[in-house]
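data.cif (mmCIF, C-alpha atoms and all ligand atoms) appears below.
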```
data_start
#
loop_
_atom_site.group_PDB
_atom_site.id
_atom_site.type_symbol
_atom_site.label_atom_id
_atom_site.label_comp_id
_atom_site.auth_asym_id
_atom_site.auth_seq_id
_atom_site.Cartn_x
_atom_site.Cartn_y
_atom_site.Cartn_z
ATOM 1 C CA MET A 1 0.000 0.000 0.000
ATOM 2 C CA LYS A 2 0.982 3.657 -0.212
ATOM 3 C CA ALA A 3 1.678 5.488 3.028
ATOM 4 C CA LEU A 4 2.934 8.877 4.152
ATOM 5 C CA VAL A 5 5.873 7.863 6.336
ATOM 6 C CA TYR A 6 7.506 10.079 8.955
ATOM 7 C CA THR A 7 11.177 9.409 8.254
ATOM 8 C CA GLY A 8 12.937 12.025 10.393
ATOM 9 C CA ILE A 9 12.526 15.488 11.878
ATOM 10 C CA LYS A 10 10.150 17.545 9.697
ATOM 11 C CA THR A 11 10.302 14.900 6.958
ATOM 12 C CA LEU A 12 7.409 12.941 5.481
ATOM 13 C CA GLU A 13 7.711 10.749 2.382
ATOM 14 C CA MET A 14 5.150 8.879 0.315
ATOM 15 C CA ARG A 15 6.391 5.285 0.232
ATOM 16 C CA GLU A 16 5.253 1.868 -0.860
ATOM 17 C CA VAL A 17 5.069 -0.244 2.321
ATOM 18 C CA PRO A 18 3.708 -3.737 3.098
ATOM 19 C CA ASP A 19 -0.037 -3.934 3.846
ATOM 20 C CA PRO A 20 -0.748 -4.277 7.578
ATOM 21 C CA ILE A 21 -1.612 -7.793 8.762
ATOM 22 C CA PRO A 22 -4.648 -7.900 11.069
ATOM 23 C CA GLY A 23 -4.162 -9.792 14.335
ATOM 24 C CA GLU A 24 -6.750 -11.878 16.176
ATOM 25 C CA ASP A 25 -10.077 -10.014 16.513
ATOM 26 C CA GLU A 26 -8.756 -7.357 14.104
ATOM 27 C CA VAL A 27 -9.764 -6.268 10.611
ATOM 28 C CA LEU A 28 -8.321 -4.095 7.873
ATOM 29 C CA VAL A 29 -9.876 -0.690 7.285
ATOM 30 C CA ARG A 30 -9.437 1.157 3.999
ATOM 31 C CA VAL A 31 -8.760 4.762 5.047
ATOM 32 C CA GLU A 32 -10.925 7.484 3.467
ATOM 33 C CA ALA A 33 -10.026 10.409 5.729
ATOM 34 C CA ALA A 34 -7.448 10.911 8.474
ATOM 35 C CA GLY A 35 -7.058 14.103 10.500
ATOM 36 C CA ILE A 36 -3.766 15.737 11.464
ATOM 37 C CA CYS A 37 -3.610 16.131 15.258
ATOM 38 C CA GLY A 38 -1.416 18.417 17.360
ATOM 39 C CA SER A 39 0.301 15.259 18.584
ATOM 40 C CA ASP A 40 1.208 14.348 14.980
ATOM 41 C CA MET A 41 2.785 17.812 14.643
ATOM 42 C CA HIS A 42 4.678 17.191 17.874
ATOM 43 C CA ALA A 43 6.035 13.878 16.567
ATOM 44 C CA TRP A 44 6.954 15.422 13.198
ATOM 45 C CA LEU A 45 8.994 18.055 15.036
ATOM 46 C CA GLY A 46 10.908 15.209 16.730
ATOM 47 C CA HIS A 47 9.491 16.084 20.171
ATOM 48 C CA ASP A 48 7.800 12.768 20.968
ATOM 49 C CA GLU A 49 10.124 9.942 21.957
ATOM 50 C CA ARG A 50 7.100 7.599 21.971
ATOM 51 C CA ARG A 51 6.900 8.050 18.177
ATOM 52 C CA PRO A 52 10.357 7.332 16.689
ATOM 53 C CA ALA A 53 10.925 7.474 12.894
ATOM 54 C CA PRO A 54 10.245 5.666 10.629
ATOM 55 C CA LEU A 55 6.554 5.596 11.503
ATOM 56 C CA ILE A 56 3.159 6.177 9.911
ATOM 57 C CA LEU A 57 1.424 8.898 11.958
ATOM 58 C CA GLY A 58 -2.306 9.707 12.168
ATOM 59 C CA HIS A 59 -4.952 8.364 14.564
ATOM 60 C CA GLU A 60 -8.149 10.185 13.503
ATOM 61 C CA VAL A 61 -9.484 7.785 10.912
ATOM 62 C CA ALA A 62 -12.688 6.954 9.066
ATOM 63 C CA GLY A 63 -13.036 4.499 6.191
ATOM 64 C CA THR A 64 -14.495 1.175 5.071
ATOM 65 C CA ILE A 65 -13.874 -2.266 6.559
ATOM 66 C CA ALA A 66 -11.776 -4.244 4.057
ATOM 67 C CA SER A 67 -11.626 -7.739 5.592
ATOM 68 C CA GLY A 68 -13.783 -10.171 7.566
ATOM 69 C CA PRO A 69 -17.572 -10.533 7.806
ATOM 70 C CA ARG A 70 -18.287 -6.799 8.136
ATOM 71 C CA ARG A 71 -16.337 -6.056 4.934
ATOM 72 C CA GLY A 72 -17.843 -3.050 3.111
ATOM 73 C CA GLN A 73 -19.267 -1.371 6.220
ATOM 74 C CA ARG A 74 -18.331 2.303 6.629
ATOM 75 C CA VAL A 75 -16.872 3.110 10.038
ATOM 76 C CA THR A 76 -15.063 5.579 12.228
ATOM 77 C CA VAL A 77 -12.161 4.194 14.249
ATOM 78 C CA ASN A 78 -11.585 4.473 17.975
ATOM 79 C CA PRO A 79 -7.769 4.390 17.851
ATOM 80 C CA LEU A 80 -7.278 3.418 21.507
ATOM 81 C CA ALA A 81 -6.784 -0.311 21.958
ATOM 82 C CA THR A 82 -7.101 -1.338 25.613
ATOM 83 C CA CYS A 83 -6.866 -4.670 27.460
ATOM 84 C CA GLY A 84 -10.485 -4.843 28.668
ATOM 85 C CA THR A 85 -9.601 -6.698 31.868
ATOM 86 C CA CYS A 86 -7.480 -4.451 34.143
ATOM 87 C CA PRO A 87 -9.077 -2.440 37.011
ATOM 88 C CA ALA A 88 -9.180 0.771 34.908
ATOM 89 C CA CYS A 89 -10.879 -1.000 31.993
ATOM 90 C CA ARG A 90 -13.330 -2.768 34.321
ATOM 91 C CA GLU A 91 -14.448 0.458 35.961
ATOM 92 C CA GLY A 92 -15.062 2.130 32.577
ATOM 93 C CA ARG A 93 -11.957 4.321 32.662
ATOM 94 C CA ASP A 94 -10.314 2.352 29.876
ATOM 95 C CA ASN A 95 -8.425 5.446 28.648
ATOM 96 C CA LEU A 96 -6.251 4.912 31.752
ATOM 97 C CA CYS A 97 -5.474 1.276 30.909
ATOM 98 C CA PRO A 98 -1.755 0.685 31.588
ATOM 99 C CA ASP A 99 -1.579 -1.453 28.431
ATOM 100 C CA ARG A 100 -3.333 1.061 26.178
ATOM 101 C CA GLN A 101 -2.036 1.346 22.636
ATOM 102 C CA ILE A 102 -2.958 3.976 20.099
ATOM 103 C CA ILE A 103 -2.534 3.700 16.367
ATOM 104 C CA SER A 104 0.376 5.896 15.185
ATOM 105 C CA MET A 105 2.506 4.772 18.108
ATOM 106 C CA PRO A 106 4.579 1.546 17.954
ATOM 107 C CA PRO A 107 3.614 -1.266 17.734
ATOM 108 C CA ARG A 108 0.637 0.179 15.791
ATOM 109 C CA GLU A 109 1.153 2.119 12.567
ATOM 110 C CA GLY A 110 -1.131 5.090 11.900
ATOM 111 C CA GLY A 111 -3.768 6.230 9.467
ATOM 112 C CA PHE A 112 -1.824 8.352 6.948
ATOM 113 C CA ALA A 113 -1.938 5.338 4.645
ATOM 114 C CA GLU A 114 -4.320 3.390 2.444
ATOM 115 C CA LEU A 115 -4.969 0.711 5.087
ATOM 116 C CA ILE A 116 -4.801 0.247 8.851
ATOM 117 C CA ARG A 117 -5.482 -2.705 11.118
ATOM 118 C CA SER A 118 -7.861 -2.219 14.040
ATOM 119 C CA PRO A 119 -9.575 -4.331 16.678
ATOM 120 C CA GLU A 120 -13.056 -4.890 15.271
ATOM 121 C CA ARG A 121 -14.700 -3.776 18.514
ATOM 122 C CA ASN A 122 -13.095 -0.338 18.047
ATOM 123 C CA LEU A 123 -15.119 0.356 14.895
ATOM 124 C CA VAL A 124 -18.298 2.436 15.045
ATOM 125 C CA ALA A 125 -20.625 2.075 12.030
ATOM 126 C CA LEU A 126 -21.587 5.234 10.131
ATOM 127 C CA PRO A 127 -25.040 6.208 8.882
ATOM 128 C CA ASP A 128 -25.043 6.408 5.062
ATOM 129 C CA ASP A 129 -25.338 10.194 5.005
ATOM 130 C CA VAL A 130 -22.245 10.884 7.150
ATOM 131 C CA PRO A 131 -19.138 11.462 5.005
ATOM 132 C CA ALA A 132 -15.738 10.113 6.105
ATOM 133 C CA ALA A 133 -14.453 13.709 6.336
ATOM 134 C CA VAL A 134 -17.016 14.333 9.095
ATOM 135 C CA ALA A 135 -16.736 10.911 10.732
ATOM 136 C CA CYS A 136 -12.969 11.168 11.265
ATOM 137 C CA LEU A 137 -13.652 14.124 13.588
ATOM 138 C CA ALA A 138 -15.114 11.658 16.110
ATOM 139 C CA GLU A 139 -11.656 11.165 17.614
ATOM 140 C CA PRO A 140 -10.715 14.789 18.394
ATOM 141 C CA LEU A 141 -14.310 15.652 19.306
ATOM 142 C CA ALA A 142 -14.461 12.673 21.691
ATOM 143 C CA CYS A 143 -11.564 14.245 23.639
ATOM 144 C CA SER A 144 -13.658 17.397 24.062
ATOM 145 C CA TRP A 145 -16.813 15.400 24.817
ATOM 146 C CA HIS A 146 -15.030 13.420 27.539
ATOM 147 C CA ALA A 147 -13.711 16.639 29.091
ATOM 148 C CA LEU A 148 -17.204 18.142 29.291
ATOM 149 C CA LYS A 149 -18.504 14.916 30.843
ATOM 150 C CA LEU A 150 -15.884 15.326 33.567
ATOM 151 C CA ALA A 151 -17.000 18.939 34.077
ATOM 152 C CA HIS A 152 -20.626 17.933 34.536
ATOM 153 C CA ARG A 153 -19.659 15.238 37.028
ATOM 154 C CA THR A 154 -17.627 17.768 39.018
ATOM 155 C CA LEU A 155 -19.969 20.777 38.929
ATOM 156 C CA PHE A 156 -23.234 18.754 39.137
ATOM 157 C CA ARG A 157 -24.807 20.965 36.437
ATOM 158 C CA PRO A 158 -23.935 22.521 33.089
ATOM 159 C CA PRO A 159 -21.360 25.272 33.643
ATOM 160 C CA ARG A 160 -23.046 28.630 32.986
ATOM 161 C CA ARG A 161 -20.071 30.566 31.636
ATOM 162 C CA VAL A 162 -17.397 28.649 29.730
ATOM 163 C CA LEU A 163 -14.112 30.110 28.522
ATOM 164 C CA ILE A 164 -11.978 28.050 26.141
ATOM 165 C CA LEU A 165 -8.306 28.812 25.541
ATOM 166 C CA GLY A 166 -7.271 27.679 22.049
ATOM 167 C CA GLY A 167 -9.350 27.389 18.868
ATOM 168 C CA GLY A 168 -7.971 24.210 17.319
ATOM 169 C CA ALA A 169 -10.214 21.176 16.876
ATOM 170 C CA ILE A 170 -10.115 20.277 20.583
ATOM 171 C CA GLY A 171 -10.949 23.799 21.772
ATOM 172 C CA PHE A 172 -13.579 24.356 19.111
ATOM 173 C CA GLY A 173 -14.937 20.865 19.810
ATOM 174 C CA ALA A 174 -15.155 21.746 23.512
ATOM 175 C CA ALA A 175 -17.380 24.706 22.585
ATOM 176 C CA LEU A 176 -19.608 22.388 20.534
ATOM 177 C CA ALA A 177 -19.767 19.794 23.334
ATOM 178 C CA ALA A 178 -20.483 22.437 26.001
ATOM 179 C CA ARG A 179 -23.354 23.795 23.906
ATOM 180 C CA ALA A 180 -24.703 20.276 23.231
ATOM 181 C CA MET A 181 -24.690 19.584 26.979
ATOM 182 C CA GLY A 182 -26.583 22.727 27.947
ATOM 183 C CA SER A 183 -24.149 25.634 28.413
ATOM 184 C CA GLN A 184 -25.127 28.883 26.713
ATOM 185 C CA ASP A 185 -22.445 31.446 27.507
ATOM 186 C CA ILE A 186 -19.398 30.082 25.686
ATOM 187 C CA ALA A 187 -16.391 32.015 24.357
ATOM 188 C CA ILE A 188 -13.162 30.928 22.679
ATOM 189 C CA VAL A 189 -9.806 32.719 22.913
ATOM 190 C CA GLU A 190 -7.564 32.265 19.867
ATOM 191 C CA PRO A 191 -4.405 34.298 19.168
ATOM 192 C CA ASN A 192 -4.146 33.568 15.413
ATOM 193 C CA PRO A 193 -6.193 36.336 13.678
ATOM 194 C CA ALA A 194 -6.922 34.300 10.522
ATOM 195 C CA ARG A 195 -8.241 31.387 12.556
ATOM 196 C CA ARG A 196 -10.185 33.785 14.791
ATOM 197 C CA GLN A 197 -11.980 35.241 11.817
ATOM 198 C CA HIS A 198 -12.596 31.808 10.311
ATOM 199 C CA LEU A 199 -13.977 30.299 13.552
ATOM 200 C CA ALA A 200 -16.307 33.221 14.169
ATOM 201 C CA GLN A 201 -18.071 32.410 10.896
ATOM 202 C CA ILE A 202 -18.755 28.736 11.646
ATOM 203 C CA GLU A 203 -21.068 28.302 14.642
ATOM 204 C CA GLY A 204 -21.523 31.794 16.044
ATOM 205 C CA PHE A 205 -19.392 31.461 19.189
ATOM 206 C CA PRO A 206 -17.613 34.677 20.180
ATOM 207 C CA VAL A 207 -13.918 34.258 19.330
ATOM 208 C CA LEU A 208 -11.713 36.701 21.232
ATOM 209 C CA GLU A 209 -8.120 37.810 20.967
ATOM 210 C CA ARG A 210 -7.623 37.649 24.727
ATOM 211 C CA ALA A 211 -9.591 36.515 27.749
ATOM 212 C CA PRO A 212 -11.885 39.171 29.308
ATOM 213 C CA ASP A 213 -10.885 39.757 32.945
ATOM 214 C CA ASP A 214 -14.250 41.134 34.128
ATOM 215 C CA GLN A 215 -16.449 38.052 33.550
ATOM 216 C CA PRO A 216 -15.171 35.139 35.658
ATOM 217 C CA PRO A 217 -16.054 31.812 33.996
ATOM 218 C CA ASP A 218 -17.358 28.773 35.934
ATOM 219 C CA LEU A 219 -15.261 26.587 33.687
ATOM 220 C CA VAL A 220 -12.014 27.320 31.851
ATOM 221 C CA ILE A 221 -10.858 24.734 29.336
ATOM 222 C CA ASP A 222 -7.173 24.995 28.523
ATOM 223 C CA ALA A 223 -6.921 23.426 25.086
ATOM 224 C CA ALA A 224 -3.438 24.856 24.527
ATOM 225 C CA GLY A 225 -1.620 23.832 27.703
ATOM 226 C CA PHE A 226 1.169 26.379 27.970
ATOM 227 C CA ALA A 227 2.442 28.105 31.132
ATOM 228 C CA ALA A 228 0.855 31.339 29.870
ATOM 229 C CA THR A 229 -2.573 29.771 29.277
ATOM 230 C CA ARG A 230 -2.510 27.991 32.656
ATOM 231 C CA GLN A 231 -1.722 31.359 34.226
ATOM 232 C CA VAL A 232 -4.769 32.913 32.545
ATOM 233 C CA ALA A 233 -6.974 29.972 33.524
ATOM 234 C CA SER A 234 -5.988 30.000 37.191
ATOM 235 C CA ASP A 235 -6.154 33.812 37.454
ATOM 236 C CA LEU A 236 -9.596 34.141 35.851
ATOM 237 C CA VAL A 237 -11.777 31.182 36.820
ATOM 238 C CA ARG A 238 -14.429 32.149 39.358
ATOM 239 C CA PRO A 239 -14.067 31.100 43.029
ATOM 240 C CA GLY A 240 -15.217 27.472 43.337
ATOM 241 C CA GLY A 241 -14.788 27.009 39.590
ATOM 242 C CA LEU A 242 -13.130 24.362 37.470
ATOM 243 C CA ILE A 243 -10.151 24.226 35.118
ATOM 244 C CA LEU A 244 -10.104 21.394 32.578
ATOM 245 C CA HIS A 245 -6.635 20.938 31.150
ATOM 246 C CA ILE A 246 -6.411 19.139 27.789
ATOM 247 C CA GLY A 247 -3.538 20.908 26.018
ATOM 248 C CA LEU A 248 -0.082 19.350 25.851
ATOM 249 C CA GLY A 249 1.881 22.507 25.011
ATOM 250 C CA GLN A 250 4.312 22.675 27.958
ATOM 251 C CA ALA A 251 4.844 20.164 30.740
ATOM 252 C CA THR A 252 5.184 22.499 33.745
ATOM 253 C CA ASP A 253 4.653 26.001 35.227
ATOM 254 C CA GLY A 254 2.040 28.723 35.076
ATOM 255 C CA LEU A 255 -0.585 27.760 37.674
ATOM 256 C CA ASN A 256 -1.516 30.264 40.366
ATOM 257 C CA ILE A 257 -1.639 27.627 43.105
ATOM 258 C CA ARG A 258 -2.161 30.145 45.919
ATOM 259 C CA ARG A 259 -5.302 31.523 44.307
ATOM 260 C CA MET A 260 -6.491 28.000 43.466
ATOM 261 C CA THR A 261 -6.106 27.071 47.139
ATOM 262 C CA LEU A 262 -7.736 30.179 48.605
ATOM 263 C CA GLN A 263 -10.599 30.076 46.081
ATOM 264 C CA GLU A 264 -11.155 26.294 46.056
ATOM 265 C CA ILE A 265 -10.569 25.922 42.352
ATOM 266 C CA THR A 266 -10.654 22.400 40.957
ATOM 267 C CA PHE A 267 -8.098 21.356 38.336
ATOM 268 C CA ILE A 268 -8.616 18.245 36.208
ATOM 269 C CA GLY A 269 -6.173 16.920 33.656
ATOM 270 C CA THR A 270 -7.955 15.042 30.890
ATOM 271 C CA TYR A 271 -6.682 12.737 28.150
ATOM 272 C CA THR A 272 -8.566 11.050 25.305
ATOM 273 C CA TYR A 273 -11.945 9.395 26.100
ATOM 274 C CA THR A 274 -13.489 6.206 27.309
ATOM 275 C CA ARG A 275 -14.963 3.683 24.888
ATOM 276 C CA GLN A 276 -18.440 4.861 25.925
ATOM 277 C CA ASP A 277 -17.562 8.565 25.403
ATOM 278 C CA PHE A 278 -16.268 7.786 21.914
ATOM 279 C CA ARG A 279 -19.552 6.089 20.964
ATOM 280 C CA ASP A 280 -21.689 8.789 22.578
ATOM 281 C CA CYS A 281 -19.734 11.511 20.792
ATOM 282 C CA ALA A 282 -20.005 9.715 17.440
ATOM 283 C CA GLU A 283 -23.796 9.530 17.984
ATOM 284 C CA ALA A 284 -23.876 13.265 18.733
ATOM 285 C CA ILE A 285 -22.037 13.953 15.458
ATOM 286 C CA PHE A 286 -24.359 11.671 13.494
ATOM 287 C CA ASP A 287 -27.576 13.236 14.835
ATOM 288 C CA GLY A 288 -26.388 16.833 14.442
ATOM 289 C CA ARG A 289 -26.011 17.799 18.125
ATOM 290 C CA LEU A 290 -22.446 18.948 17.398
ATOM 291 C CA GLY A 291 -23.416 21.059 14.401
ATOM 292 C CA ARG A 292 -22.562 20.361 10.795
ATOM 293 C CA CYS A 293 -18.938 19.341 11.437
ATOM 294 C CA ASP A 294 -17.988 20.495 7.949
ATOM 295 C CA TRP A 295 -15.220 22.845 9.104
ATOM 296 C CA SER A 296 -12.152 20.755 8.302
ATOM 297 C CA GLN A 297 -9.926 21.385 5.297
ATOM 298 C CA GLY A 298 -9.193 18.386 3.037
ATOM 299 C CA ARG A 299 -5.821 17.764 1.363
ATOM 300 C CA ALA A 300 -4.536 14.842 -0.689
ATOM 301 C CA LEU A 301 -2.498 12.347 1.337
ATOM 302 C CA ALA A 302 0.311 12.756 -1.211
ATOM 303 C CA ASP A 303 0.444 16.464 -0.271
ATOM 304 C CA GLY A 304 0.691 15.647 3.428
ATOM 305 C CA ALA A 305 4.221 17.016 3.822
ATOM 306 C CA ALA A 306 3.059 20.444 2.642
ATOM 307 C CA ALA A 307 0.038 20.287 4.939
ATOM 308 C CA PHE A 308 2.261 19.716 7.983
ATOM 309 C CA ALA A 309 4.508 22.607 6.950
ATOM 310 C CA ASP A 310 1.521 24.928 6.448
ATOM 311 C CA ILE A 311 0.093 24.096 9.870
ATOM 312 C CA ARG A 312 3.496 24.744 11.418
ATOM 313 C CA GLU A 313 3.672 28.150 9.694
ATOM 314 C CA ASN A 314 0.179 29.090 10.966
ATOM 315 C CA LEU A 315 -1.054 29.268 7.376
ATOM 316 C CA VAL A 316 -4.197 27.215 8.018
ATOM 317 C CA ALA A 317 -7.302 28.969 9.343
ATOM 318 C CA ALA A 318 -9.436 25.806 9.576
ATOM 319 C CA PRO A 319 -9.305 24.117 12.998
ATOM 320 C CA LYS A 320 -8.527 20.740 11.374
ATOM 321 C CA VAL A 321 -6.734 19.500 8.273
ATOM 322 C CA ILE A 322 -7.634 16.023 7.052
ATOM 323 C CA LEU A 323 -5.649 13.936 4.590
ATOM 324 C CA LEU A 324 -7.490 12.012 1.895
ATOM 325 C CA PRO A 325 -5.755 8.945 0.394
HETATM 326 ZN ZN ZN A 401 -5.536 13.453 18.323
HETATM 327 ZN ZN ZN A 402 -6.916 -2.308 30.633
#
```
So that I can check it, write out the structure of this file as structure tokens.
Ligand SMILES: [Zn+2]
Ligand SMILES: [Zn+2]
Amino acid sequence: MKALVYTGIKTLEMREVPDPIPGEDEVLVRVEAAGICGSDMHAWLGHDERRPAPLILGHEVAGTIASGPRRGQRVTVNPLATCGTCPACREGRDNLCPDRQIISMPPREGGFAELIRSPERNLVALPDDVPAAVACLAEPLACSWHALKLAHRTLFRPPRRVLILGGGAIGFGAALAARAMGSQDIAIVEPNPARRQHLAQIEGFPVLERAPDDQPPDLVIDAAGFAATRQVASDLVRPGGLILHIGLGQATDGLNIRRMTLQEITFIGTYTYTRQDFRDCAEAIFDGRLGRCDWSQGRALADGAAAFADIRENLVAAPKVILLP
């Protein structure tokens, strides 16, 4: 098959590689759309020792089953493979499984290719009218969906005022999930002016250059994850409020721990989604609760190297670029 292979820092090459061989309880999926995630960018920059070159990146995949009894069925792929038997898996927090694997990280190759292998139970069937370009957003949107689920569990009600730092797919998806779950006052902060303008035209959320300091939010979602954004989050959230931290920008620094202590602010780190969240989020995409989900930009898989470079140079206004084999 053809695949876009990460071969070294900032280098991607289209190569002919052997087709993947499905293991027990696995099938082949012919890829029709695969999104570029911030974590793919991170790997491409050589900043992720969990993803050494040569490797096929990409874990946001939709396509058609190409082997076994369900052959021909259109699906979106939950890329997290978990053991199903450990304490985390048994209590429904399978995203914390110590044996979790994700496609695009060894030993599993990713979705910037014509074919992937996947456990069959990770495949969610698509309604006929949902295109692959929409369905592949289930993965990033499930991260946002899961985060909002955690917020509801912690606050016992929909947060009234929600401030989101970062307007990529996760931040924008968090706005969509917050709205779907009952919040009404939702704003996004995004520093890139082209993306700001673009986002403001999609679903009508206010998209601001910087966070307003006179309207304390109940919930701040840090979808960037830098010291500077954590500083904003912990300075602005209202007393008794919640910070959800999804971004992986910088590992340490920025939190105003004294204020968080004196004002009883809750901080939750959140990563990926449970199996149930992934399915629930896919349903919400299919039935329109998350809007039209037509805001990604498609590029040919063969032009993937240029797409990565453009994202790096801030030349892409869309919150998500997807590669089409
Ligand atoms: Zn991702
Ligand atoms: Zn497990």
Practice task
Using all atoms listed in the file, determine which residues fall within 7 Å of ligand ZN 402 (chain A), then list them as JSON, numbers by chain.
Solution key: {"A": [82, 83, 84, 85, 86, 87, 88, 89, 94, 97, 98, 99, 100]}
Practice task
Specify as a PyMOL selection string each residue included when the PyMOL selection byres (((chain A and resi 23-35) around 7) and not hetatm) is applied to this file.
Solution key: chain A and resi 21-22+36-37+58+60-68+111-120+132-133+136+320-325
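From CA of Asn95 in chain A back to CA of Arg121 in chain A, the distance works out to 15.1 Å.
The spacing separating CA of Gly182 in chain A from CA of Glu264 in chain A amounts to 24.1 Å.
The shell of residues at most 12 Å from Pro158 in chain A, with all atoms listed in the file counted and near chain neighbours (fewer than 4 positions) removed, consists of A:Leu148, A:Lys149, A:Leu150, A:Ala151, A:His152, A:Arg153, A:Thr154, A:Val162, A:Ala177, A:Ala178, A:Arg179, A:Ala180, A:Met181, A:Gly182, A:Ser183, A:Gln184, A:Asp185, A:Ile186, A:Asp218, A:Leu219, A:Leu242.
Closest approach to ligand ZN 401 (chain A) among A:Arg161, A:His59, A:Lys2, A:Arg51 is made by A:His59 (distances from only C-alpha atoms and all ligand atoms).
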Around all the atoms of range 19-37 of chain A listed in the file, draw an axis-aligned box and extend it by 4 Å on each of the six sides; I want its centre and edge lengths in Å to one decimal, as lines of an AutoDock Vina configuration file.
```
center_x = -5.5
center_y = 2.1
center_z = 10.0
size_x = 18.9
size_y = 36.0
size_z = 21.0
```
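Picked by the PyMOL selection byres (((chain A and resi 16) around 12) and not hetatm) from the coordinates shown: A:Met1, A:Lys2, A:Ala3, A:Leu4, A:Val5, A:Glu13, A:Met14, A:Arg15, A:Val17, A:Pro18, A:Asp19, A:Ile56, A:Ala113, A:Glu114, A:Leu115, A:Ala302.
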Would you output that residue set with C-alpha atoms, as a PDB file, in the frame of the given file?
```pdb
ATOM      1  CA  MET A   1       0.000   0.000   0.000  1.00  0.00           C
ATOM      2  CA  LYS A   2       0.982   3.657  -0.212  1.00  0.00           C
ATOM      3  CA  ALA A   3       1.678   5.488   3.028  1.00  0.00           C
ATOM      4  CA  LEU A   4       2.934   8.877   4.152  1.00  0.00           C
ATOM      5  CA  VAL A   5       5.873   7.863   6.336  1.00  0.00           C
ATOM      6  CA  GLU A  13       7.711  10.749   2.382  1.00  0.00           C
ATOM      7  CA  MET A  14       5.150   8.879   0.315  1.00  0.00           C
ATOM      8  CA  ARG A  15       6.391   5.285   0.232  1.00  0.00           C
ATOM      9  CA  VAL A  17       5.069  -0.244   2.321  1.00  0.00           C
ATOM     10  CA  PRO A  18       3.708  -3.737   3.098  1.00  0.00           C
ATOM     11  CA  ASP A  19      -0.037  -3.934   3.846  1.00  0.00           C
ATOM     12  CA  ILE A  56       3.159   6.177   9.911  1.00  0.00           C
ATOM     13  CA  ALA A 113      -1.938   5.338   4.645  1.00  0.00           C
ATOM     14  CA  GLU A 114      -4.320   3.390   2.444  1.00  0.00           C
ATOM     15  CA  LEU A 115      -4.969   0.711   5.087  1.00  0.00           C
ATOM     16  CA  ALA A 302       0.311  12.756  -1.211  1.00  0.00           C
TER      17      ALA A 302
END
```
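Reported to one decimal place, the separation of CA of Leu137 in chain A from CA of Cys293 in chain A is 7.7 Å.
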Exercise for the section: Do a neighbour search on Arg275 in chain A at 9 Å with all atoms listed in the file, toss out local chain neighbours closer than 4 positions, and write the hits as a ChimeraX atom specification. Expected result: /A:78,80,92-95,122,279-280
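If only C-alpha atoms and all ligand atoms are the atoms counted, then among A:Leu236, A:Phe156, A:Thr272, A:Ile164 the closest residue to ligand ZN 401 (chain A) is A:Thr272.
The smallest atom-to-atom distance between ligand ZN 401 (chain A) and any of A:Ile170, A:Ile257, A:Ala282, A:Leu123, using all atoms listed in the file, is found for A:Ile170.
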Exercise for the section: Name all residues at most 10 Å from Thr11 in chain A (count all atoms listed in the file; drop same-chain ones fewer than 2 positions away) and give them as a PyMOL selection string. Expected result: chain A and resi 4-9+13+44-46+53-54+305+308-309
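Comparing the minimum interatomic distances between ligand ZN 401 (chain A) and each of A:Ala81, A:Ile202, A:Leu244, A:Ala169, counting all atoms listed in the file, we find that A:Ala169 sits nearest.
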Exercise for the section: Please tell me which residues are no farther than 12 Å from (-23.7, 12.7, 17.9) in the file, counting all atoms listed in the file, and write them as number ranges by chain. Expected result: A: 124, 126-127, 130, 134-135, 137-138, 141-142, 145, 176-177, 180-181, 277-293
